[in-house]
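Structure, as structure tokens:
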Amino acid sequence: MPSENNLVRLVYRFKHNLYINLTNQCPNLCRFCIKNKWDMKFHDHNLNLAGKEPTAKQVLTAIADDISKNRFFKELVFCGYGESTLRLQEMVEICTDLKQQMAEGKIHNFKIRLNTIGLGSLVAGRDITKDLKGLIDEINISLNTADPKQWVEIVRPQKKYEELGFEAVLDFIKKSTQTFQSTIVSGVDLEEIDKDELKKLAESLGAKFYLREFLD
């Protein structure tokens with residue numbers, strides 16, 4: 001039997017929130033990403049899906065089990081060590097089910113947040129904010145720089161997304177501000193980034209700005 005710390009987590013608690021580990025896939029290989037440095041663990045939670053990505057039903061079962069044991073949390077967050085929008089259908093199924101349960105009073109009300117690199121629409125070849133409208137309450141989009149060349153150097157996207165990626169993220173931010181209750185653009189606190197320019201760009205697109213701590 002694997003130890004408690006080695007069990008793969010489909011959902012995990014951090015502070016006052018419940019996080020969903022939906023995928024380990026990502027179009028970026030960000031310089032600051034901790035998933036390799038931390039050996040696919042986050043505060044003793046094993047997030048290594050090892051290619052066995054969960055179904056929507058499996059995630060909903062894990063959420064129900066967690067609620068039955070721990071009850072309250074403030075936010076449900078799609079995060080993990082991967083880009084959740086790559087599994088858009090599962091996201092929609094999970095959110096639709098949870099929103100219905102909240103509406104029927106079966107579970108307590110909570111905010112649903114998506115943490116994303118902002119390339120979901122470019123990867124899908126269409127505007128995916130429409131799919132998530134009414135399901136995601138807040139979206140946090142990791143942009144990290146106001147300089148398109150520096151963006152490629154920092155987030156290291158797959159080759160096919162290098163040319164159009166930065167502008168695609170900006171367009172995703174614009175559409176998000178028109179779709180979701182709250183849109184936040186974030187950047188990791190790296191020394192080489194012009195934080196003032198990044199904040200100015202985020203606010204010009206209609207989003208709030210958040211500077212994230214660099215984790216080592």
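By order of appearance in the structure tokens: chains A, B, ..., then residues from 1 within every chain, and ligands from 1 in the order shown.
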Identify, on the basis of only C-alpha atoms, every residue whose closest approach to Leu201 (chain A) does not exceed 10 Å; exclude the query and any residue fewer than 5 positions from it along the same chain; express the result as a compact mmCIF listing (two decimals) with N, CA and C atoms, in the first residue's frame.
```
# COMPACT_ATOMS: atom_id res chain seq x y z
N THR A 145 5.07 39.10 -18.35
CA THR A 145 5.86 40.18 -18.92
C THR A 145 5.03 40.94 -19.94
N ALA A 146 5.39 42.20 -20.15
CA ALA A 146 4.73 43.00 -21.17
C ALA A 146 5.49 42.96 -22.50
N LEU A 170 -3.04 37.97 -24.79
CA LEU A 170 -3.65 39.29 -24.63
C LEU A 170 -5.12 39.28 -25.07
N VAL A 185 -4.60 39.36 -14.05
CA VAL A 185 -3.38 39.04 -14.78
C VAL A 185 -2.26 38.97 -13.75
N LYS A 195 7.91 45.22 -13.81
CA LYS A 195 6.61 45.01 -13.15
C LYS A 195 5.63 46.15 -13.43
N ASP A 196 6.15 47.37 -13.51
CA ASP A 196 5.27 48.52 -13.76
C ASP A 196 4.62 48.43 -15.13
N GLY A 206 -8.23 45.84 -18.95
CA GLY A 206 -9.42 45.74 -18.11
C GLY A 206 -9.31 44.76 -16.97
N ALA A 207 -8.09 44.25 -16.72
CA ALA A 207 -7.89 43.25 -15.67
C ALA A 207 -7.22 43.86 -14.45
N LYS A 208 -7.31 43.15 -13.33
CA LYS A 208 -6.54 43.50 -12.14
C LYS A 208 -5.16 42.87 -12.29
N PHE A 209 -4.21 43.32 -11.47
CA PHE A 209 -2.85 42.78 -11.55
C PHE A 209 -2.43 42.20 -10.22
```
Query raised in the report: Among chain A, which ones does DSSP place in helix (DSSP H, G or I), written as a PyMOL selection string?
Result: chain A and resi 4-6+56-70+84-103+120-124+129-132+148-155+159-161+165-177+195-204
Write to file, as a PDB file, in the first residue's frame, the residues of the selection just made, with C-alpha atoms.
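Below is the file that was written, selection-v8.pdb:
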```pdb
ATOM      1  CA  GLU A   4      -0.602   8.736   2.433  1.00  0.00           C
ATOM      2  CA  ASN A   5       1.895  11.229   0.956  1.00  0.00           C
ATOM      3  CA  ASN A   6       2.454   9.079  -2.155  1.00  0.00           C
ATOM      4  CA  ALA A  56     -15.001  14.397 -14.752  1.00  0.00           C
ATOM      5  CA  LYS A  57     -16.858  11.777 -12.712  1.00  0.00           C
ATOM      6  CA  GLN A  58     -13.682  10.788 -10.851  1.00  0.00           C
ATOM      7  CA  VAL A  59     -12.960  14.426  -9.984  1.00  0.00           C
ATOM      8  CA  LEU A  60     -16.530  15.030  -8.816  1.00  0.00           C
ATOM      9  CA  THR A  61     -16.323  11.917  -6.636  1.00  0.00           C
ATOM     10  CA  ALA A  62     -13.046  13.183  -5.140  1.00  0.00           C
ATOM     11  CA  ILE A  63     -14.605  16.605  -4.463  1.00  0.00           C
ATOM     12  CA  ALA A  64     -17.643  15.008  -2.788  1.00  0.00           C
ATOM     13  CA  ASP A  65     -15.381  12.836  -0.663  1.00  0.00           C
ATOM     14  CA  ASP A  66     -13.300  15.827   0.420  1.00  0.00           C
ATOM     15  CA  ILE A  67     -16.392  17.880   1.285  1.00  0.00           C
ATOM     16  CA  SER A  68     -17.773  15.021   3.371  1.00  0.00           C
ATOM     17  CA  LYS A  69     -14.543  14.947   5.408  1.00  0.00           C
ATOM     18  CA  ASN A  70     -13.452  18.583   5.504  1.00  0.00           C
ATOM     19  CA  SER A  84      -6.623  22.706 -17.193  1.00  0.00           C
ATOM     20  CA  THR A  85      -8.084  24.232 -20.384  1.00  0.00           C
ATOM     21  CA  LEU A  86      -6.489  21.373 -22.329  1.00  0.00           C
ATOM     22  CA  ARG A  87      -9.284  19.293 -20.784  1.00  0.00           C
ATOM     23  CA  LEU A  88     -12.053  21.758 -21.501  1.00  0.00           C
ATOM     24  CA  GLN A  89     -14.885  19.226 -21.781  1.00  0.00           C
ATOM     25  CA  GLU A  90     -14.096  17.805 -18.342  1.00  0.00           C
ATOM     26  CA  MET A  91     -13.895  21.314 -16.864  1.00  0.00           C
ATOM     27  CA  VAL A  92     -17.328  22.161 -18.253  1.00  0.00           C
ATOM     28  CA  GLU A  93     -18.822  18.907 -16.923  1.00  0.00           C
ATOM     29  CA  ILE A  94     -17.356  19.427 -13.450  1.00  0.00           C
ATOM     30  CA  CYS A  95     -18.412  23.067 -13.179  1.00  0.00           C
ATOM     31  CA  THR A  96     -21.909  22.433 -14.535  1.00  0.00           C
ATOM     32  CA  ASP A  97     -22.484  19.678 -11.985  1.00  0.00           C
ATOM     33  CA  LEU A  98     -21.140  21.741  -9.076  1.00  0.00           C
ATOM     34  CA  LYS A  99     -23.162  24.835 -10.028  1.00  0.00           C
ATOM     35  CA  GLN A 100     -26.284  22.670 -10.137  1.00  0.00           C
ATOM     36  CA  GLN A 101     -25.524  21.193  -6.726  1.00  0.00           C
ATOM     37  CA  MET A 102     -25.016  24.683  -5.289  1.00  0.00           C
ATOM     38  CA  ALA A 103     -28.281  25.897  -6.831  1.00  0.00           C
ATOM     39  CA  GLY A 120      -6.504  27.746 -24.254  1.00  0.00           C
ATOM     40  CA  SER A 121      -8.243  29.470 -27.152  1.00  0.00           C
ATOM     41  CA  LEU A 122      -5.142  29.350 -29.377  1.00  0.00           C
ATOM     42  CA  VAL A 123      -4.722  25.635 -28.701  1.00  0.00           C
ATOM     43  CA  ALA A 124      -8.424  24.940 -29.315  1.00  0.00           C
ATOM     44  CA  THR A 129     -14.331  31.727 -22.859  1.00  0.00           C
ATOM     45  CA  LYS A 130     -17.816  31.136 -24.287  1.00  0.00           C
ATOM     46  CA  ASP A 131     -17.712  27.527 -23.058  1.00  0.00           C
ATOM     47  CA  LEU A 132     -16.803  28.658 -19.535  1.00  0.00           C
ATOM     48  CA  PRO A 148       6.527  39.554 -26.338  1.00  0.00           C
ATOM     49  CA  LYS A 149      10.145  38.467 -26.902  1.00  0.00           C
ATOM     50  CA  GLN A 150      10.745  38.121 -23.179  1.00  0.00           C
ATOM     51  CA  TRP A 151       7.474  36.168 -22.912  1.00  0.00           C
ATOM     52  CA  VAL A 152       8.927  33.455 -25.169  1.00  0.00           C
ATOM     53  CA  GLU A 153      12.135  33.373 -23.125  1.00  0.00           C
ATOM     54  CA  ILE A 154      10.330  33.114 -19.781  1.00  0.00           C
ATOM     55  CA  VAL A 155       7.366  30.810 -20.444  1.00  0.00           C
ATOM     56  CA  LYS A 159       7.487  25.996 -30.966  1.00  0.00           C
ATOM     57  CA  LYS A 160       4.113  26.155 -32.715  1.00  0.00           C
ATOM     58  CA  TYR A 161       2.870  28.747 -30.205  1.00  0.00           C
ATOM     59  CA  GLY A 165       1.248  33.027 -28.314  1.00  0.00           C
ATOM     60  CA  PHE A 166       1.772  36.402 -26.665  1.00  0.00           C
ATOM     61  CA  GLU A 167      -0.934  38.175 -28.677  1.00  0.00           C
ATOM     62  CA  ALA A 168      -3.238  35.186 -28.157  1.00  0.00           C
ATOM     63  CA  VAL A 169      -2.876  35.553 -24.394  1.00  0.00           C
ATOM     64  CA  LEU A 170      -3.654  39.293 -24.628  1.00  0.00           C
ATOM     65  CA  ASP A 171      -6.778  38.518 -26.656  1.00  0.00           C
ATOM     66  CA  PHE A 172      -7.765  35.855 -24.123  1.00  0.00           C
ATOM     67  CA  ILE A 173      -7.419  38.417 -21.337  1.00  0.00           C
ATOM     68  CA  LYS A 174      -9.641  40.906 -23.192  1.00  0.00           C
ATOM     69  CA  LYS A 175     -12.341  38.313 -23.783  1.00  0.00           C
ATOM     70  CA  SER A 176     -12.094  37.132 -20.182  1.00  0.00           C
ATOM     71  CA  THR A 177     -12.752  40.640 -18.840  1.00  0.00           C
ATOM     72  CA  LYS A 195       6.615  45.012 -13.154  1.00  0.00           C
ATOM     73  CA  ASP A 196       5.271  48.523 -13.758  1.00  0.00           C
ATOM     74  CA  GLU A 197       4.850  47.903 -17.484  1.00  0.00           C
ATOM     75  CA  LEU A 198       3.206  44.547 -16.828  1.00  0.00           C
ATOM     76  CA  LYS A 199       0.768  46.117 -14.368  1.00  0.00           C
ATOM     77  CA  LYS A 200       0.021  48.922 -16.840  1.00  0.00           C
ATOM     78  CA  LEU A 201      -0.653  46.421 -19.632  1.00  0.00           C
ATOM     79  CA  ALA A 202      -2.927  44.306 -17.438  1.00  0.00           C
ATOM     80  CA  GLU A 203      -4.983  47.297 -16.377  1.00  0.00           C
ATOM     81  CA  SER A 204      -5.203  48.616 -19.963  1.00  0.00           C
TER      82      SER A 204
END
```
Requested in this report: Please report, as a ChimeraX atom specification, each residue of region 11-193 of chain A to which DSSP assigns strand (DSSP E or B) when run on this structure's backbone.
Outcome: /A:11-14,17-20,28,41-42,45-46,75-78,111-116,138-142,157,182-188
Report task. Could you please determine the separation between CA of Lys37 (chain A) and CA of Asp194 (chain A) in Å, to one decimal place? Result -> 25.2 Å
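CA of Asn24 (chain A) sits 26.6 Å away from CA of Ile193 (chain A).
CA of Leu18 (chain A) to CA of Leu76 (chain A) spans 4.9 Å [interatomic distance, one decimal].
Using only C-alpha atoms, the residues found no farther than 8 Å from Ile112 (chain A), other than those of its own chain fewer than 5 positions away, are Glu75, Leu76, Val77, Phe78, Cys95, Leu135, Ile136, Asp137 and Glu138 of chain A.
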Query - Nearest-residue call for Gln178 (chain A), choices A:Lys35, A:His108, A:Lys133, A:Arg156, using only C-alpha atoms - result: A:Lys133
**Report entry** Non-local contacts of Asn48 (chain A) (8 Å; only C-alpha atoms; under 2 positions in same chain excluded) as a PyMOL selection string
**Finding:** chain A and resi 8+24+40-41+46+50
Selection from above, N, CA and C atoms, as a PDB file, in the first residue's frame, can you write it?
```
ATOM      1  N   VAL A   8      -1.754   9.663  -5.284  1.00  0.00           N
ATOM      2  CA  VAL A   8      -1.955  10.731  -6.264  1.00  0.00           C
ATOM      3  C   VAL A   8      -3.228  11.491  -5.930  1.00  0.00           C
ATOM      4  N   ASN A  24      -1.534  17.004 -16.175  1.00  0.00           N
ATOM      5  CA  ASN A  24      -0.133  17.403 -16.068  1.00  0.00           C
ATOM      6  C   ASN A  24       0.383  17.959 -17.390  1.00  0.00           C
ATOM      7  N   MET A  40       7.054  17.001  -8.736  1.00  0.00           N
ATOM      8  CA  MET A  40       5.611  16.822  -8.940  1.00  0.00           C
ATOM      9  C   MET A  40       4.822  16.767  -7.633  1.00  0.00           C
ATOM     10  N   LYS A  41       5.401  17.332  -6.575  1.00  0.00           N
ATOM     11  CA  LYS A  41       4.686  17.395  -5.292  1.00  0.00           C
ATOM     12  C   LYS A  41       4.432  18.856  -4.946  1.00  0.00           C
ATOM     13  N   ASN A  46       1.028  14.584  -3.722  1.00  0.00           N
ATOM     14  CA  ASN A  46       1.560  14.014  -4.955  1.00  0.00           C
ATOM     15  C   ASN A  46       0.613  14.334  -6.112  1.00  0.00           C
ATOM     16  N   ALA A  50       0.930  10.702 -13.929  1.00  0.00           N
ATOM     17  CA  ALA A  50       1.629   9.653 -14.696  1.00  0.00           C
ATOM     18  C   ALA A  50       0.851   9.230 -15.940  1.00  0.00           C
TER      19      ALA A  50
END
```
Requested in this report: Can you pull out every residue within 7 Å of Thr116 (chain A), counting only C-alpha atoms, but drop anything in the same chain fewer than 6 positions away, and send it as a VMD selection string?
Outcome: chain A and resid 83 140 to 142
Query raised in the report: For Arg71 (chain A), which of A:Asn17, A:Ile34, A:Thr179, A:Arg9 is the closest residue, counting only C-alpha atoms?
Result: A:Asn17
